[in-house]
Each structure stands twice: as C-alpha cells, then as structure tokens.
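Shown here: final_31.cif, mmCIF, C-alpha atoms.
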```cif
data_data
loop_
_atom_site.label_atom_id
_atom_site.label_comp_id
_atom_site.auth_asym_id
_atom_site.auth_seq_id
_atom_site.Cartn_x
_atom_site.Cartn_y
_atom_site.Cartn_z
CA MET A 419 -22.73 12.50 7.52
CA LEU A 420 -19.63 12.27 9.69
CA ARG A 421 -20.31 14.83 12.38
CA ALA A 422 -18.26 15.97 15.37
CA SER A 423 -18.52 13.66 18.36
CA GLU A 424 -16.70 12.82 21.57
CA GLU A 425 -14.60 10.33 19.62
CA SER A 426 -14.00 12.71 16.71
CA PRO A 427 -13.89 16.33 18.00
CA ARG A 428 -14.49 19.36 15.83
CA MET A 429 -11.40 20.84 14.15
CA PHE A 430 -12.99 23.60 12.07
CA GLU A 431 -15.87 26.03 12.68
CA SER A 432 -17.30 25.39 9.21
CA ASP A 433 -19.46 22.24 9.13
CA PHE A 434 -18.48 21.73 5.48
CA VAL A 435 -14.72 21.88 6.11
CA ASP A 436 -15.00 19.87 9.33
CA PHE A 437 -16.93 17.15 7.48
CA PHE A 438 -14.12 16.73 4.96
CA SER A 439 -11.52 16.50 7.74
CA ARG A 440 -12.92 13.02 8.48
CA VAL A 441 -12.24 10.02 6.27
CA PRO A 442 -13.48 6.42 6.84
CA TRP A 443 -10.71 3.85 6.30
CA TRP A 444 -12.47 2.21 3.32
CA VAL A 445 -12.11 5.37 1.21
CA VAL A 446 -8.39 4.66 0.74
CA PRO A 447 -8.76 1.25 -1.01
CA LEU A 448 -11.81 2.59 -2.87
CA VAL A 449 -9.63 5.31 -4.43
CA TYR A 450 -6.26 3.59 -4.72
CA VAL A 451 -6.93 -0.04 -5.65
CA PRO A 452 -8.33 1.09 -9.06
CA MET A 453 -5.40 3.50 -9.47
CA ILE A 454 -2.89 0.69 -8.84
CA ALA A 455 -4.72 -1.66 -11.22
CA MET A 456 -4.99 0.95 -13.98
CA SER A 457 -1.32 1.95 -13.63
CA MET A 458 -0.19 -1.66 -13.93
CA MET A 459 -2.56 -2.34 -16.85
CA TYR A 460 -1.41 0.78 -18.69
CA ALA A 461 2.24 -0.13 -18.11
CA VAL A 462 1.70 -3.56 -19.68
CA VAL A 463 -0.90 -2.89 -22.39
CA VAL A 464 0.10 0.59 -23.57
CA ASP A 465 3.75 1.01 -22.57
CA GLY A 466 4.59 -2.57 -23.52
CA LEU A 467 6.15 -3.57 -20.20
CA SER A 468 6.19 -7.33 -19.71
CA PRO A 469 4.64 -8.77 -16.53
CA LEU A 470 8.07 -10.23 -15.74
CA ALA A 471 9.61 -6.76 -15.87
CA LEU A 472 6.67 -5.21 -13.99
CA ALA A 473 7.12 -7.34 -10.87
CA PRO A 474 10.56 -6.02 -9.77
CA LEU A 475 9.53 -2.44 -10.63
CA TRP A 476 6.40 -2.81 -8.50
CA PHE A 477 8.48 -4.17 -5.62
CA ALA A 478 11.04 -1.36 -6.03
CA GLY A 479 8.18 1.14 -5.84
CA TRP A 480 7.05 -0.40 -2.56
CA VAL A 481 10.60 0.01 -1.20
CA VAL A 482 10.63 3.64 -2.38
CA TRP A 483 7.34 4.26 -0.57
CA SER A 484 8.67 2.67 2.65
CA LEU A 485 11.52 5.20 2.64
CA MET A 486 9.08 8.03 1.86
CA GLU A 487 6.87 6.87 4.74
CA TYR A 488 9.79 6.97 7.14
CA TRP A 489 11.24 10.33 6.07
CA LEU A 490 7.90 12.13 5.74
CA HIS A 491 6.99 11.01 9.25
CA ARG A 492 10.40 11.85 10.68
CA THR A 493 10.74 15.27 9.01
CA LEU A 494 7.59 16.93 7.64
CA PHE A 495 5.06 15.37 10.01
CA HIS A 496 7.08 16.32 13.09
CA TRP A 497 8.19 19.72 11.83
CA ILE A 498 6.90 22.74 13.70
CA PRO A 499 7.80 25.90 11.74
CA SER A 500 9.18 28.74 13.86
CA ALA A 501 6.32 31.08 12.91
CA SER A 502 3.08 32.26 14.44
CA TRP A 503 1.21 29.63 12.42
CA GLY A 504 3.72 26.84 13.11
CA GLU A 505 1.85 25.05 15.90
CA GLN A 506 -1.43 25.16 13.99
CA PHE A 507 0.26 23.89 10.82
CA HIS A 508 1.72 20.94 12.72
CA PHE A 509 -1.59 20.19 14.41
CA TYR A 510 -3.54 20.06 11.14
CA LEU A 511 -0.86 18.01 9.40
CA HIS A 512 -0.06 15.43 12.07
CA GLY A 513 -0.52 16.71 15.60
CA VAL A 514 -4.24 15.96 15.46
CA HIS A 515 -3.40 12.25 15.18
CA HIS A 516 -1.18 12.38 18.27
CA ARG A 517 -3.72 14.36 20.29
CA TRP A 518 -6.78 12.37 19.22
CA PHE A 519 -5.16 9.03 18.46
CA LYS A 520 -8.47 7.19 19.10
CA ASP A 521 -10.24 9.17 16.36
CA ARG A 522 -10.81 6.52 13.68
CA PHE A 523 -11.96 9.13 11.16
CA ARG A 524 -8.75 11.17 11.30
CA LEU A 525 -6.20 8.44 10.78
CA VAL A 526 -6.03 7.78 7.04
CA MET A 527 -5.04 10.73 4.89
CA PRO A 528 -7.88 12.65 3.19
CA PRO A 529 -7.88 11.91 -0.58
CA ALA A 530 -7.53 15.61 -1.38
CA ALA A 531 -4.12 15.56 0.28
CA SER A 532 -2.93 12.11 -0.77
CA LEU A 533 -4.01 12.60 -4.40
CA GLY A 534 -2.01 15.85 -4.47
CA ILE A 535 1.06 13.92 -3.31
CA ALA A 536 0.34 11.21 -5.92
CA VAL A 537 0.27 13.84 -8.68
CA VAL A 538 3.63 15.22 -7.53
CA VAL A 539 5.13 11.71 -7.40
CA VAL A 540 3.91 10.64 -10.86
CA ALA A 541 4.95 14.00 -12.37
CA THR A 542 8.43 13.60 -10.85
CA LEU A 543 8.72 10.06 -12.22
CA LYS A 544 7.50 11.19 -15.65
CA GLY A 545 10.06 14.00 -15.64
CA LEU A 546 12.83 11.59 -14.66
CA GLY A 547 11.67 9.13 -17.30
CA PHE A 548 11.80 11.87 -19.95
CA ALA A 549 15.29 12.93 -18.83
CA LEU A 550 16.54 9.35 -19.08
CA LEU A 551 14.94 8.65 -22.49
CA PRO A 552 18.25 8.70 -24.37
CA LEU A 553 19.45 5.89 -22.09
CA VAL A 554 16.37 3.86 -21.22
CA ASP A 555 12.74 3.62 -22.29
CA ASP A 556 10.28 5.26 -19.87
CA ALA A 557 8.00 2.21 -19.70
CA TRP A 558 9.23 1.71 -16.11
CA VAL A 559 7.49 4.84 -14.80
CA LEU A 560 3.98 3.51 -14.17
CA GLY A 561 5.25 0.17 -12.90
CA LEU A 562 7.27 1.95 -10.24
CA PHE A 563 4.39 4.32 -9.51
CA ALA A 564 2.00 1.38 -8.97
CA GLY A 565 4.40 -0.03 -6.37
CA ILE A 566 4.66 3.31 -4.59
CA VAL A 567 0.87 3.66 -4.42
CA PHE A 568 0.56 0.06 -3.24
CA GLY A 569 3.04 0.84 -0.46
CA TYR A 570 0.95 3.85 0.54
CA LEU A 571 -2.19 1.71 0.60
CA VAL A 572 -0.49 -0.87 2.83
CA TYR A 573 0.76 1.92 5.12
CA ASP A 574 -2.67 3.46 5.65
CA MET A 575 -4.38 0.10 6.12
CA VAL A 576 -1.72 -1.17 8.57
CA HIS A 577 -1.83 2.14 10.44
CA TYR A 578 -5.59 1.92 10.83
CA TYR A 579 -5.47 -1.76 11.76
CA ILE A 580 -2.90 -1.42 14.55
CA HIS A 581 -4.85 1.49 16.05
CA HIS A 582 -8.42 0.25 15.77
CA ALA A 583 -8.38 -3.54 15.39
CA LYS A 584 -7.18 -6.36 17.62
CA PRO A 585 -4.06 -7.80 16.00
CA THR A 586 -3.28 -11.45 16.70
CA SER A 587 -0.29 -12.16 14.43
CA LYS A 588 3.24 -11.65 15.74
CA LEU A 589 3.99 -9.18 12.94
CA MET A 590 1.01 -6.93 13.62
CA LEU A 591 1.49 -7.11 17.39
CA ALA A 592 5.13 -6.07 16.91
CA LEU A 593 4.14 -3.18 14.63
CA ARG A 594 1.47 -2.05 17.09
CA SER A 595 3.97 -2.13 19.97
CA HIS A 596 6.51 -0.22 17.88
CA HIS A 597 4.01 2.47 16.91
CA ASN A 598 2.41 2.77 20.35
CA LYS A 599 5.80 3.53 21.88
CA HIS A 600 6.17 6.41 19.42
CA HIS A 601 2.75 7.70 20.49
CA HIS A 602 2.76 7.17 24.22
CA ASN A 603 6.35 6.97 25.50
CA LYS A 604 8.25 10.28 25.62
CA LYS A 605 11.50 8.33 25.26
CA TYR A 606 10.46 7.44 21.71
CA LYS A 607 8.93 10.77 20.66
CA ASP A 608 11.73 11.26 18.11
CA LYS A 609 12.16 7.59 17.29
CA LYS A 610 10.18 4.70 15.80
CA PHE A 611 8.89 6.53 12.73
CA GLY A 612 8.17 3.46 10.62
CA VAL A 613 4.54 2.34 10.63
CA SER A 614 4.04 -0.41 8.03
CA MET A 615 7.62 -1.67 8.56
CA THR A 616 10.51 -0.90 10.89
CA ILE A 617 13.49 -1.50 8.60
CA TRP A 618 14.40 2.18 8.12
CA ASP A 619 14.35 2.79 11.87
CA HIS A 620 17.04 0.12 12.11
CA VAL A 621 19.00 1.59 9.17
CA PHE A 622 18.93 5.18 10.46
CA GLY A 623 19.30 4.44 14.15
CA THR A 624 15.84 5.44 15.36
CA TYR A 625 14.56 2.01 16.32
CA GLU A 626 15.33 2.30 20.04
#
```

This entry written out as structure tokens:
Amino acid sequence: MLRASEESPRMFESDFVDFFSRVPWWVVPLVYVPMIAMSMMYAVVVDGLSPLALAPLWFAGWVVWSLMEYWLHRTLFHWIPSASWGEQFHFYLHGVHHRWFKDRFRLVMPPAASLGIAVVVVATLKGLGFALLPLVDDAWVLGLFAGIVFGYLVYDMVHYYIHHAKPTSKLMLALRSHHNKHHHNKKYKDKKFGVSMTIWDHVFGTYE
C-alpha cells in the first residue's frame, strides 16, 4: 500500500482517499496502451479505416494532444479561482506537484481523473463525427482519439522521466532544463508550459 512518507506527504485525512491520491508511473501505460491498441484496432476492423489512413489521423491526434497539454497547463492548471476554495482547488489540481515536485507518486494523473477527461474527449469527437456525417464518414474518430491518448501517454511518461530519471540524450536534457526552469525559476513561473515538447511555447511566445 502506498502510504504517506517524507517523500510523499499526506494530502487527505482519510487513509482511503489519501491512498488513491498516489499513482505509480506504470499505471498509466497499463491503462492506456490497451486503450490505444483497441481504439486503433476498432477503427480498422470495425469502422473500416485503412492503416494508410489511420497513420495521419493518429499523428494529427498527437498534435491535438500537444496543444491540449500546453493550454491545460497554461490555463486550468495555473488557475486559482477567486473564491474561498480557490487555493485548495489549485493545490489539489496542480499546486501539489509544484510544492512536492520530488513526490514520484503524485506526478502522473490518477486514472479516475484522466479517464474522465478521456470520456469527454471521445464523446466530443463522436459528437463532431455525427455532426459531420453528411459530409464525411465518422471512421476518423477513433483514429484521432488513439493519437490523442498516445500523446497523453508520452506526456506523462516524459514528465515522470525528466523528474525522476537521469536523462542522457540531448532531447531529454533539453526538456528537463525547460521544465525545471518553469518549476524553480520565478522568471519562468508563467512561461515554459510545454512538457513533452516545447513547440507551442515558441508559437505562443512563452518559451523565454
């Protein structure tokens, strides 16, 4: 059982709730690799999407996720509502990661939260696919969704890696430097929101 420790302090009085506030990194691929595989298989076998058509949709989904990653981090994750519960809301959502950035059990998103987001995303894509049916077949939906989920998987794994591993490649060292500045340098508190890639920081002027 993942209990409170010096590395991973208690967030909640309830042992049950506090236990589920901790997630080992391997839970993310355990949950989402099968989801990606099943989405791609369903898109090809059931929806009739060709592998050749699936590839660009999958890549487009990854691009969509990269933009979601940037904007969620820049807006929702750093939003502190002007209410009595605002500071606590921010702490539970994202502030905990900034305060206890060495806590390896509170880095990847708990499945209860990420699966909720996944349901919203797939429902939105299904709704859009239905609305566009007169113009285009909705076989693209799960191909795009698989790419979005893959992007999320890469994000969480890269995020964990640059915090808790010892990167040696130039790419991972650059991403770690980029992210550490966001964490530890007040100059970059409202900049450097990209984690798995920095392209949108360049596009939207938050790189430096």

Practice prompt. With a distance cut-off of 12 Å and all atoms listed in the file, select the neighbouring residues of Val451 (chain A), excluding the residue or stretch itself and same-chain residues fewer than 3 positions from it, and output the selection as a list of chain:residue names.
Written response: A:Trp444, A:Val445, A:Val446, A:Pro447, A:Leu448, A:Ile454, A:Ala455, A:Met456, A:Ser457, A:Met458, A:Ala564, A:Gly565, A:Val567, A:Phe568, A:Gly569, A:Tyr570, A:Leu571, A:Val572

Discussion item. To test your reading of the syntax: which residues would the PyMOL selection byres ((chain A and resi 429) around 12) return for the file shown? Reply as a list in words.
Written reply: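 On the file shown, the PyMOL selection byres ((chain A and resi 429) around 12) covers Arg421, Ala422, Ser423, Ser426, Pro427, Arg428, Phe430, Glu431, Ser432, Asp433, Phe434, Val435, Asp436, Phe437, Phe438, Ser439, Arg440, Gln506, Phe509, Tyr510, Leu511, Gly513, Val514, His515, Arg517, Trp518, Asp521 and Arg524 of chain A.
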
Discussion item. I'd like to know which of A:Phe548, A:Asp619, A:Ser532, A:Lys520 is closest to Tyr579 (chain A), using only C-alpha atoms.
Written reply: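 The closest residue to Tyr579 (chain A) is A:Lys520.
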
Practice prompt. Mind giving me the straight-line distance from CA of Leu420 (chain A) to CA of Asp574 (chain A) in Å, one decimal?
Written response: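 If I compute the distance from CA of Leu420 (chain A) to CA of Asp574 (chain A), I get 19.5 Å.
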
Item to complete: Rank nothing, just name the residue among A:Met615, A:Val559, A:Leu467, A:Leu589 nearest to Trp483 (chain A), using only C-alpha atoms.
Response: A:Met615

Worksheet item: By how many Å are CA of Leu543 (chain A) and CA of Trp480 (chain A) apart?
Response: 14.3 Å

Fill in: Residue contacts of His581 (chain A) (9 Å, all atoms listed in the file) excluding same-chain residues fewer than 6 positions away, as number ranges by chain
A: 519-520, 522, 525, 594, 597-598

Worksheet entry | Protein and nucleic acid residues near (7.0, 2.5, 11.9) (cut-off 9 Å, all atoms listed in the file) as a PyMOL selection string | chain A and resi 487-488+491+577+593-594+596-597+600+610-619+625

Worksheet item: Between A:Val576, A:Met453, A:Ala583, A:Ala461, which one has atoms that come closest to Asp555 (chain A), using all atoms listed in the file?
Response: A:Ala461

Item to complete: Tell me which protein, DNA and RNA residues are within 9 Å of Ile498 (chain A), counting all atoms listed in the file, leaving out same-chain ones fewer than 4 positions away, and put them as JSON, numbers by chain.
Response: {"A": [494, 504, 505, 506, 507, 508, 509]}

Worksheet item: Distance CA of Ala531 (chain A)-CA of Met575 (chain A), one decimal place?
Response: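 Between CA of Ala531 (chain A) and CA of Met575 (chain A) the gap works out to 16.5 Å.
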
Discussion item. I need the residue nearest Lys609 (chain A) from this list: A:Leu546, A:Lys588, A:Arg492, A:Met486. Use all atoms listed in the file for the distance.
Written reply: A:Arg492
